[in-house]
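Take a look at the structure below.
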Amino acid sequence: MSIIIKNLTYLHTDKELLFKSLYLSLNKGEKIGLVGNNGTGKSTLFKIITKELSFSSGELYCSVAPYYVPQHFGQYDHLSVAEAIHIDKKLRALCAILQGDVSAENYASLNDDWNIEERLQNALSIWDLTHISASQKLGTMSGGEKTRLFLAGITLHEPEIILLDEPSNHLDYISKGKLYNLLKDSKATVMVISHDRTLLNLLPAIYELHKDRIACYPGNYENYKIQKEQERDALHEKIKEQEKSLRTARKIACEMTERKQKQDIRGKKHSAKKGVGKMAMNALRDRSEKSGSKLKDIHEEKTSSIKEKLMEFRSVLPNVKLMKTDFNTSPLHYGKTLIEGQNVRFSYDKEYVWKMPLNFLIKSGDRIAITGRNGSGKTTLLKLMLGVLNPSEGIIEKAAFKYSYLDQEYSMIDDKLTVFEQLSCFNTSLQDHEVKAILNRFLFSFDMWDELCGKLSGGERMKLALCCLMVDTNTPDLFILDEPTNNIDIQNIEVLTAMVKEFKGTVVLISHDAYFVEQIGIDYSIAL
């Protein structure tokens, strides 16, 4: 076995339980995807496996120390490239030996890895990082460069156990392809946290993290979806059965109560006719009340038991289907020219962003993807289309239209406002109770309405942004999305996907998520 987890429990420093009694075992060379909603503890579990965090109770075994590619890299900004991928000691030892220091310590540190410099350059070259030096600090690098550096470390070290936390987040489509090939070719034991459905479809098993268990689903992501749908259908059937049982139990309870009342009335009349004494009448009444109370308790206990089961089934049922979007249709007729660019060029410091001039035409109803590698000028093109920037050369003509811009930071959300205040800023016609109903539908509970937006997770920010667009009566003609799936979990991506598919207007999209692009239905691409 490469990794064994037994009865693992983790408590936050404030003693709040994150998960308990987790079991997992992975054989050598096994590859799995780890999924779960935001906040379930996926990244925490990886940090426990790498011994960055200590668990509260249970057992953990790893055959060797795992190689870990984290989701965020800020904590490494003070390190050099060599330090970050753990070759600094070898490079120092090699340098010292070449300069004449032939101490046993240097030879032990180098461990006969005489071609470490060549191997480093080869790994950096594979991941398009030849411009990076071993001494460069990570704080000077972009998010995509940091991710590729840590992936280059896998190429360099060929570790036996690999943990990847959202490895495709900052990668363009070419780097993603290299990551996919790395996963397919690797003989290592691999665990991947990801919302990249293309990546998850390469893995032979999907594991889902819950508060009290890790559920295993054999097969790739598509098989996982089928199995989850079957689970949902089974839960719906159980809910229907419990609802039927609850109605039956309530009906029987009512019938028994009515029957008891009629018996009591008949008993009183019969006793009165026979002239039963007052003491005897009181005794009969007490006996009747005790009998009725006992019967009531029995039915209440049965009804309560059914209610508990019903609540249990409903709590397990995913809520994604409840989050329906109700966007109005754009008033613009299909085929109207919105934006047209002719021989467009743009330069920063006299250097053109694109080698060749761009020509593009966006009409009402189109669904367009802007594609290209990191740094190819995709966001710059968006700003030109919207008039935020002016072209250095060429002409951009625009019609009158309304647009909404959903970027990967969801910057339409004001961190200083509460959730309810944020939604109220966009509300132009709905009553307060209607606004609250929308918040409830998108799983913002009552105690979250007064929470500051700055404390929301990526998925919560996305859902609140959708709520804002829903209550705004100024339906956008053009909906712009810039890497919208980067920081949200799969359930929230499904919500966003459904929303974009239902939107009856023009869509311009920047995304390296091929699965998302395919699902929302793109008409054509502008390749940079």
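Each chain of the structure tokens is named A, B, ... in the order shown, its residues numbered from 1; ligands are numbered from 1 in display order.
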
Counting only C-alpha atoms, which residues of range 70-129 of chain A fall within 12 Å of range 38-44 of chain A, and what is the closest atom pair for each with its distance in Å at one decimal, ordered by chain and rising number, as a Markdown table?
| residue | atom | partner | partner_atom | distance |
| --- | --- | --- | --- | --- |
| A:Pro70 | CA | A:Ser43 | CA | 8.2 |
| A:Gln71 | CA | A:Ser43 | CA | 8.2 |
| A:His72 | CA | A:Ser43 | CA | 10.4 |

Subject >> Close residues, Ser2 in chain A itself excluded, 12 Å, only C-alpha atoms, min 2 positions apart in chain, as a ChimeraX atom specification >> reply: /A:4-5,24-31,49,60-66,159-162,188-191

Deliver the residues from the most recent selection as a file, using N, CA and C atoms, as a compact mmCIF listing (two decimals), in the first residue's frame.
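Done, and the output landed in again-v5.txt:
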# COMPACT_ATOMS: atom_id res chain seq x y z
N ILE A 4 -2.41 4.76 3.49
CA ILE A 4 -3.46 4.15 4.30
C ILE A 4 -3.94 5.17 5.32
N ILE A 5 -5.24 5.39 5.36
CA ILE A 5 -5.87 6.28 6.35
C ILE A 5 -6.91 5.48 7.11
N LEU A 24 -9.29 5.31 4.01
CA LEU A 24 -8.85 5.32 2.62
C LEU A 24 -7.60 4.48 2.50
N SER A 25 -7.53 3.69 1.43
CA SER A 25 -6.29 2.94 1.16
C SER A 25 -6.05 2.94 -0.35
N LEU A 26 -4.81 3.28 -0.73
CA LEU A 26 -4.44 3.33 -2.14
C LEU A 26 -3.25 2.42 -2.39
N ASN A 27 -3.36 1.57 -3.40
CA ASN A 27 -2.25 0.71 -3.79
C ASN A 27 -1.21 1.48 -4.59
N LYS A 28 -0.05 0.92 -4.71
CA LYS A 28 1.02 1.52 -5.48
C LYS A 28 0.57 1.70 -6.93
N GLY A 29 0.74 2.91 -7.46
CA GLY A 29 0.37 3.18 -8.84
C GLY A 29 -1.08 3.53 -9.07
N GLU A 30 -1.89 3.53 -8.01
CA GLU A 30 -3.32 3.86 -8.15
C GLU A 30 -3.48 5.37 -8.33
N LYS A 31 -4.45 5.76 -9.17
CA LYS A 31 -4.70 7.17 -9.45
C LYS A 31 -6.17 7.48 -9.19
N ILE A 49 -1.72 14.60 4.94
CA ILE A 49 -0.94 13.53 4.34
C ILE A 49 0.52 13.95 4.18
N LEU A 60 -2.35 7.26 10.00
CA LEU A 60 -1.96 7.65 8.64
C LEU A 60 -0.63 6.99 8.31
N TYR A 61 -0.57 6.36 7.13
CA TYR A 61 0.67 5.73 6.67
C TYR A 61 0.93 6.11 5.22
N CYS A 62 2.17 6.54 4.93
CA CYS A 62 2.62 6.77 3.55
C CYS A 62 3.92 6.01 3.36
N SER A 63 4.02 5.27 2.27
CA SER A 63 5.23 4.47 2.04
C SER A 63 6.46 5.35 1.84
N VAL A 64 6.28 6.53 1.23
CA VAL A 64 7.36 7.52 1.08
C VAL A 64 6.74 8.90 1.25
N ALA A 65 7.57 9.91 1.41
CA ALA A 65 7.07 11.28 1.51
C ALA A 65 6.47 11.71 0.17
N PRO A 66 5.24 12.21 0.15
CA PRO A 66 4.60 12.59 -1.11
C PRO A 66 5.21 13.86 -1.70
N PRO A 159 8.62 11.27 -8.49
CA PRO A 159 8.26 10.77 -7.16
C PRO A 159 7.31 9.58 -7.21
N GLU A 160 7.27 8.81 -6.12
CA GLU A 160 6.40 7.62 -6.04
C GLU A 160 4.96 7.98 -5.68
N ILE A 161 4.79 9.06 -4.91
CA ILE A 161 3.45 9.52 -4.52
C ILE A 161 3.32 11.00 -4.88
N ILE A 162 2.25 11.34 -5.59
CA ILE A 162 2.04 12.72 -6.02
C ILE A 162 0.67 13.20 -5.55
N ALA A 188 3.31 6.63 -10.80
CA ALA A 188 3.22 6.96 -9.38
C ALA A 188 1.79 6.75 -8.86
N THR A 189 1.68 6.73 -7.53
CA THR A 189 0.37 6.81 -6.87
C THR A 189 -0.04 8.28 -6.89
N VAL A 190 -1.22 8.57 -7.41
CA VAL A 190 -1.61 9.97 -7.62
C VAL A 190 -2.98 10.26 -7.01
N MET A 191 -3.05 11.35 -6.25
CA MET A 191 -4.32 11.89 -5.77
C MET A 191 -4.46 13.30 -6.30

Could you list, with a cut-off of 12 Å and counting only C-alpha atoms, the residues of range 394-425 of chain A near range 345-350 of chain A, each shown with its nearest atom pair and the distance in Å rounded to one decimal, rows sorted by chain and ascending number, as JSON lines?
{"residue": "A:Gly394", "atom": "CA", "partner": "A:Arg345", "partner_atom": "CA", "distance": 6.4}
{"residue": "A:Ile395", "atom": "CA", "partner": "A:Arg345", "partner_atom": "CA", "distance": 9.1}
{"residue": "A:Ile396", "atom": "CA", "partner": "A:Arg345", "partner_atom": "CA", "distance": 10.3}

Now that the selection is made, can you save its residues with N, CA, C and O atoms as a short mmCIF file (atom, residue, chain, number, x, y, z; two decimals), in the first residue's frame?
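Here's the written file out01.cif:
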data_model
loop_
_atom_site.label_atom_id
_atom_site.label_comp_id
_atom_site.auth_asym_id
_atom_site.auth_seq_id
_atom_site.Cartn_x
_atom_site.Cartn_y
_atom_site.Cartn_z
N GLY A 394 -6.25 50.47 -36.24
CA GLY A 394 -7.50 49.84 -36.63
C GLY A 394 -8.71 50.52 -36.03
O GLY A 394 -8.61 51.54 -35.33
N ILE A 395 -9.88 49.93 -36.31
CA ILE A 395 -11.16 50.53 -35.91
C ILE A 395 -12.01 49.49 -35.20
O ILE A 395 -12.08 48.32 -35.63
N ILE A 396 -12.65 49.90 -34.10
CA ILE A 396 -13.65 49.07 -33.42
C ILE A 396 -14.96 49.86 -33.38
O ILE A 396 -15.00 50.96 -32.82
#

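Considering only C-alpha atoms, the residue among A:Tyr217, A:Asn343, A:Gly454, A:Val471 positioned nearest to Ile438 in chain A is A:Val471.
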
Subject >> Atomic distance CA of Tyr180 in chain A - CA of His195 in chain A, expressed in Å with one decimal >> reply: 13.9 Å

**OP:** Between CA of Thr380 in chain A and CA of Leu478 in chain A, measure the distance and give it in Å to one decimal.
**Re:** 17.4 Å

**OP:** Pick out the residues sitting within 10 Å of Gln519 in chain A, and hand them over as a PyMOL selection string; count only C-alpha atoms, and ignore anything fewer than 2 positions along from it in its own chain.
**Re:** chain A and resi 494+497-498+500-501+514-517+521-522

Original post:
Where in range 122-212 of chain A does DSSP assign strand (DSSP E), given as a ChimeraX atom specification?
Top reply: /A:161-165,189-193,205-209

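The coordinates place CA of Pro484 in chain A at 15.4 Å from CA of Phe503 in chain A.
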
Original post:
So, counting only C-alpha atoms, which residue among A:Met1, A:Ile339, A:Ile362, A:Leu496 is closest to Asp523 in chain A?
Top reply: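 Closest to Asp523 in chain A of all the choices is A:Ile362.
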
Subject >> Shell around range 199-209 of chain A at 8 Å using only C-alpha atoms, local window under 2 positions removed, as a list of chain:residue names >> reply: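 Returned residues: A:Lys31, A:Ile32, A:Gly33, A:Leu34, A:Val35, A:Gly36, A:Thr40, A:Gly41, A:Lys42, A:Tyr180, A:Leu183, A:Lys184, A:Ser194, A:His195, A:Asp196, A:Arg197, A:Lys211, A:Arg213, A:Ile214, A:Ala215, A:Cys216, A:Tyr217, A:Pro218, A:Gly219, A:Asn220, A:Tyr221, A:Glu222, A:Tyr224.
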
Generate the output file for the selected residues, N, CA, C and O atoms, as a short mmCIF file (atom, residue, chain, number, x, y, z; two decimals), in the first residue's frame.
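The result, stored in selection06.cif:
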data_model
loop_
_atom_site.label_atom_id
_atom_site.label_comp_id
_atom_site.auth_asym_id
_atom_site.auth_seq_id
_atom_site.Cartn_x
_atom_site.Cartn_y
_atom_site.Cartn_z
N LYS A 31 -4.45 5.76 -9.17
CA LYS A 31 -4.70 7.17 -9.45
C LYS A 31 -6.17 7.48 -9.19
O LYS A 31 -7.05 6.80 -9.72
N ILE A 32 -6.41 8.52 -8.39
CA ILE A 32 -7.79 8.87 -8.07
C ILE A 32 -7.99 10.38 -8.11
O ILE A 32 -7.06 11.16 -7.92
N GLY A 33 -9.22 10.79 -8.37
CA GLY A 33 -9.62 12.18 -8.23
C GLY A 33 -10.38 12.35 -6.93
O GLY A 33 -11.21 11.51 -6.58
N LEU A 34 -10.09 13.41 -6.19
CA LEU A 34 -10.78 13.69 -4.93
C LEU A 34 -11.67 14.92 -5.13
O LEU A 34 -11.18 16.00 -5.45
N VAL A 35 -12.99 14.72 -4.96
CA VAL A 35 -13.93 15.82 -5.16
C VAL A 35 -14.73 16.03 -3.87
O VAL A 35 -14.69 15.22 -2.95
N GLY A 36 -15.49 17.11 -3.84
CA GLY A 36 -16.29 17.46 -2.67
C GLY A 36 -16.56 18.94 -2.70
O GLY A 36 -15.78 19.70 -3.29
N THR A 40 -15.27 21.19 2.50
CA THR A 40 -15.34 19.84 3.07
C THR A 40 -14.00 19.37 3.63
O THR A 40 -13.95 18.41 4.39
N GLY A 41 -12.88 20.04 3.23
CA GLY A 41 -11.58 19.71 3.81
C GLY A 41 -10.64 18.97 2.89
O GLY A 41 -9.71 18.30 3.36
N LYS A 42 -10.82 19.09 1.58
CA LYS A 42 -9.95 18.36 0.64
C LYS A 42 -8.49 18.81 0.77
O LYS A 42 -7.58 17.98 0.90
N TYR A 180 -2.08 16.62 -18.58
CA TYR A 180 -2.87 15.41 -18.84
C TYR A 180 -1.97 14.25 -19.26
O TYR A 180 -2.15 13.11 -18.79
N LEU A 183 -0.08 12.83 -16.26
CA LEU A 183 -0.92 11.96 -15.43
C LEU A 183 -1.11 10.59 -16.09
O LEU A 183 -1.07 9.55 -15.42
N LYS A 184 -1.33 10.59 -17.40
CA LYS A 184 -1.56 9.32 -18.10
C LYS A 184 -0.31 8.44 -18.09
O LYS A 184 -0.41 7.22 -17.96
N SER A 194 -9.52 18.39 -7.99
CA SER A 194 -9.72 19.19 -9.18
C SER A 194 -11.20 19.37 -9.49
O SER A 194 -12.02 18.51 -9.16
N HIS A 195 -11.52 20.52 -10.11
CA HIS A 195 -12.85 20.70 -10.69
C HIS A 195 -12.75 20.66 -12.22
O HIS A 195 -13.73 20.93 -12.91
N ASP A 196 -11.57 20.31 -12.74
CA ASP A 196 -11.34 20.19 -14.18
C ASP A 196 -11.89 18.84 -14.63
O ASP A 196 -11.26 17.80 -14.44
N ARG A 197 -13.07 18.86 -15.25
CA ARG A 197 -13.73 17.60 -15.63
C ARG A 197 -12.96 16.84 -16.70
O ARG A 197 -13.00 15.61 -16.73
N LYS A 211 -18.17 14.71 5.44
CA LYS A 211 -17.76 15.00 6.81
C LYS A 211 -17.43 13.72 7.59
O LYS A 211 -16.60 13.74 8.49
N ARG A 213 -17.04 10.42 5.92
CA ARG A 213 -16.61 9.29 5.11
C ARG A 213 -15.97 9.78 3.81
O ARG A 213 -16.12 10.94 3.42
N ILE A 214 -15.26 8.86 3.15
CA ILE A 214 -14.80 9.09 1.78
C ILE A 214 -15.46 8.02 0.92
O ILE A 214 -15.18 6.83 1.08
N ALA A 215 -16.35 8.44 0.04
CA ALA A 215 -17.09 7.50 -0.81
C ALA A 215 -16.33 7.27 -2.11
O ALA A 215 -15.82 8.21 -2.71
N CYS A 216 -16.26 6.01 -2.55
CA CYS A 216 -15.53 5.65 -3.77
C CYS A 216 -16.50 5.39 -4.91
O CYS A 216 -17.50 4.68 -4.74
N TYR A 217 -16.20 5.97 -6.08
CA TYR A 217 -17.01 5.76 -7.29
C TYR A 217 -16.08 5.24 -8.39
O TYR A 217 -15.29 6.01 -8.94
N PRO A 218 -16.15 3.95 -8.72
CA PRO A 218 -15.29 3.40 -9.78
C PRO A 218 -15.57 4.07 -11.12
O PRO A 218 -16.71 4.39 -11.44
N GLY A 219 -14.51 4.28 -11.89
CA GLY A 219 -14.68 4.90 -13.19
C GLY A 219 -14.33 6.37 -13.16
O GLY A 219 -14.12 6.96 -12.11
N ASN A 220 -14.31 6.99 -14.34
CA ASN A 220 -13.93 8.40 -14.45
C ASN A 220 -15.09 9.32 -14.07
O ASN A 220 -16.12 8.88 -13.56
N TYR A 221 -14.93 10.61 -14.37
CA TYR A 221 -15.92 11.60 -13.94
C TYR A 221 -17.29 11.36 -14.57
O TYR A 221 -18.32 11.54 -13.92
N GLU A 222 -17.31 10.95 -15.84
CA GLU A 222 -18.60 10.69 -16.50
C GLU A 222 -19.35 9.57 -15.79
O GLU A 222 -20.57 9.64 -15.59
N TYR A 224 -18.88 8.75 -12.66
CA TYR A 224 -19.23 9.33 -11.35
C TYR A 224 -20.55 10.10 -11.45
O TYR A 224 -21.43 9.97 -10.59
#

Original post:
So, counting only C-alpha atoms, which residue among A:Ala96, A:His170, A:Ala82, A:Asp450 is closest to Ala152 in chain A?
Top reply: A:Ala82

Original post:
What's the 7 Å shell around Ser404 in chain A, counting only C-alpha atoms, without same-chain residues fewer than 6 positions away, as a ChimeraX atom specification?
Top reply: /A:476,478-480

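Residues with any atom within 12 Å of Lys436 in chain A, counting only C-alpha atoms and excluding same-chain neighbours fewer than 6 positions away, are Val419, Phe420, Glu421, Leu423, Ser424, Asn427, Leu430, Phe442, Leu443, Phe444, Ser445, Phe446, Asp447, Met448, Trp449, Asp450, Cys467 and Val471 of chain A.
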
Written selection (all heavy atoms) as a compact mmCIF listing (two decimals), in the first residue's frame:
# COMPACT_ATOMS: atom_id res chain seq x y z
N VAL A 419 -24.35 40.42 2.50
CA VAL A 419 -24.95 39.67 1.40
C VAL A 419 -26.27 40.31 0.97
O VAL A 419 -26.52 40.51 -0.23
CB VAL A 419 -25.17 38.19 1.81
CG1 VAL A 419 -26.05 37.46 0.80
CG2 VAL A 419 -23.83 37.48 1.97
N PHE A 420 -27.13 40.64 1.95
CA PHE A 420 -28.43 41.24 1.62
C PHE A 420 -28.26 42.63 1.01
O PHE A 420 -28.96 42.98 0.05
CB PHE A 420 -29.31 41.30 2.87
CG PHE A 420 -30.72 41.74 2.58
CD1 PHE A 420 -31.63 40.85 2.03
CD2 PHE A 420 -31.13 43.03 2.84
CE1 PHE A 420 -32.93 41.25 1.75
CE2 PHE A 420 -32.42 43.44 2.56
CZ PHE A 420 -33.33 42.54 2.02
N GLU A 421 -27.32 43.42 1.53
CA GLU A 421 -27.08 44.76 0.99
C GLU A 421 -26.58 44.68 -0.45
O GLU A 421 -26.97 45.48 -1.31
CB GLU A 421 -26.06 45.51 1.85
CG GLU A 421 -26.59 45.95 3.21
CD GLU A 421 -25.49 46.46 4.13
OE1 GLU A 421 -24.29 46.20 3.85
OE2 GLU A 421 -25.82 47.10 5.14
N LEU A 423 -27.17 42.36 -2.71
CA LEU A 423 -28.28 42.01 -3.61
C LEU A 423 -29.25 43.18 -3.76
O LEU A 423 -29.77 43.43 -4.85
CB LEU A 423 -29.00 40.77 -3.09
CG LEU A 423 -29.94 40.06 -4.07
CD1 LEU A 423 -29.21 39.71 -5.36
CD2 LEU A 423 -30.51 38.80 -3.44
N SER A 424 -29.46 43.93 -2.68
CA SER A 424 -30.37 45.08 -2.72
C SER A 424 -29.86 46.16 -3.66
O SER A 424 -30.66 46.91 -4.25
CB SER A 424 -30.56 45.64 -1.31
OG SER A 424 -31.14 44.68 -0.45
N ASN A 427 -31.25 45.34 -6.94
CA ASN A 427 -32.70 45.15 -7.00
C ASN A 427 -33.40 46.45 -7.38
O ASN A 427 -33.21 47.48 -6.74
CB ASN A 427 -33.20 44.66 -5.63
CG ASN A 427 -34.71 44.47 -5.61
OD1 ASN A 427 -35.31 44.13 -6.62
ND2 ASN A 427 -35.31 44.69 -4.46
N LEU A 430 -38.18 44.20 -7.04
CA LEU A 430 -38.69 43.12 -6.20
C LEU A 430 -38.93 43.58 -4.76
O LEU A 430 -38.22 44.46 -4.25
CB LEU A 430 -37.73 41.93 -6.20
CG LEU A 430 -37.45 41.27 -7.55
CD1 LEU A 430 -36.47 40.13 -7.38
CD2 LEU A 430 -38.74 40.78 -8.20
N PHE A 442 -30.67 30.02 -3.52
CA PHE A 442 -29.26 29.84 -3.81
C PHE A 442 -28.46 29.50 -2.56
O PHE A 442 -27.25 29.71 -2.50
CB PHE A 442 -28.69 31.07 -4.51
CG PHE A 442 -28.95 31.08 -5.98
CD1 PHE A 442 -30.20 31.40 -6.48
CD2 PHE A 442 -27.96 30.71 -6.87
CE1 PHE A 442 -30.45 31.38 -7.84
CE2 PHE A 442 -28.20 30.69 -8.23
CZ PHE A 442 -29.45 31.03 -8.73
N LEU A 443 -29.14 28.97 -1.56
CA LEU A 443 -28.52 28.39 -0.37
C LEU A 443 -27.80 29.40 0.51
O LEU A 443 -26.82 29.08 1.19
CB LEU A 443 -27.56 27.25 -0.75
CG LEU A 443 -28.13 26.18 -1.69
CD1 LEU A 443 -27.10 25.10 -1.93
CD2 LEU A 443 -29.43 25.61 -1.18
N PHE A 444 -28.30 30.66 0.51
CA PHE A 444 -27.83 31.64 1.48
C PHE A 444 -28.85 31.64 2.63
O PHE A 444 -29.92 32.23 2.52
CB PHE A 444 -27.74 33.04 0.85
CG PHE A 444 -26.61 33.18 -0.13
CD1 PHE A 444 -26.84 33.14 -1.49
CD2 PHE A 444 -25.31 33.37 0.32
CE1 PHE A 444 -25.80 33.27 -2.39
CE2 PHE A 444 -24.26 33.50 -0.57
CZ PHE A 444 -24.50 33.45 -1.93
N SER A 445 -28.49 30.96 3.71
CA SER A 445 -29.40 30.83 4.84
C SER A 445 -29.56 32.17 5.56
O SER A 445 -28.76 33.11 5.35
CB SER A 445 -28.88 29.78 5.82
OG SER A 445 -27.58 30.11 6.27
N PHE A 446 -30.56 32.26 6.41
CA PHE A 446 -30.88 33.51 7.12
C PHE A 446 -29.67 34.09 7.84
O PHE A 446 -29.43 35.30 7.80
CB PHE A 446 -32.02 33.24 8.12
CG PHE A 446 -32.31 34.40 9.02
CD1 PHE A 446 -33.01 35.51 8.56
CD2 PHE A 446 -31.88 34.40 10.34
CE1 PHE A 446 -33.26 36.59 9.39
CE2 PHE A 446 -32.14 35.48 11.19
CZ PHE A 446 -32.84 36.57 10.70
N ASP A 447 -28.88 33.23 8.48
CA ASP A 447 -27.74 33.74 9.26
C ASP A 447 -26.58 34.22 8.38
O ASP A 447 -25.62 34.80 8.87
CB ASP A 447 -27.23 32.67 10.25
CG ASP A 447 -26.88 31.36 9.58
OD1 ASP A 447 -27.15 31.23 8.37
OD2 ASP A 447 -26.37 30.47 10.27
N MET A 448 -26.69 34.02 7.04
CA MET A 448 -25.66 34.52 6.13
C MET A 448 -26.02 35.88 5.54
O MET A 448 -25.16 36.55 4.95
CB MET A 448 -25.43 33.52 4.98
CG MET A 448 -24.75 32.23 5.38
SD MET A 448 -24.36 31.22 3.93
CE MET A 448 -23.05 32.19 3.16
N TRP A 449 -27.26 36.32 5.69
CA TRP A 449 -27.70 37.56 5.04
C TRP A 449 -26.94 38.78 5.56
O TRP A 449 -26.74 39.74 4.83
CB TRP A 449 -29.21 37.76 5.23
CG TRP A 449 -30.04 36.71 4.57
CD1 TRP A 449 -29.61 35.74 3.71
CD2 TRP A 449 -31.45 36.50 4.73
NE1 TRP A 449 -30.65 34.93 3.32
CE2 TRP A 449 -31.79 35.38 3.93
CE3 TRP A 449 -32.44 37.13 5.46
CZ2 TRP A 449 -33.10 34.91 3.84
CZ3 TRP A 449 -33.74 36.66 5.36
CH2 TRP A 449 -34.07 35.56 4.57
N ASP A 450 -26.53 38.75 6.82
CA ASP A 450 -25.81 39.88 7.41
C ASP A 450 -24.30 39.67 7.41
O ASP A 450 -23.55 40.44 8.02
CB ASP A 450 -26.29 40.12 8.85
CG ASP A 450 -27.73 40.62 8.89
OD1 ASP A 450 -28.12 41.36 7.96
OD2 ASP A 450 -28.46 40.27 9.84
N CYS A 467 -27.23 35.87 -8.40
CA CYS A 467 -28.43 36.46 -7.77
C CYS A 467 -28.56 37.94 -8.17
O CYS A 467 -29.67 38.40 -8.47
CB CYS A 467 -28.36 36.34 -6.25
SG CYS A 467 -28.53 34.66 -5.62
N VAL A 471 -31.88 39.71 -10.14
CA VAL A 471 -32.80 40.73 -9.61
C VAL A 471 -32.71 42.03 -10.40
O VAL A 471 -33.57 42.90 -10.28
CB VAL A 471 -32.55 41.01 -8.11
CG1 VAL A 471 -32.71 39.74 -7.30
CG2 VAL A 471 -31.19 41.64 -7.87

Original post:
Residues of range 4-84 of chain A in alpha helix (DSSP H) according to DSSP, as a list in words?
Top reply: Lys42, Ser43, Thr44, Leu45, Phe46, Lys47, Ile48, Ile49, Val81, Ala82, Glu83 and Ala84 of chain A

Subject >> Nearest to Leu17 in chain A, chosen from A:Asn169, A:Ser457, A:Gly58, A:Asp212, with only C-alpha atoms counted in the distances >> reply: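 The closest residue to Leu17 in chain A is A:Asp212.
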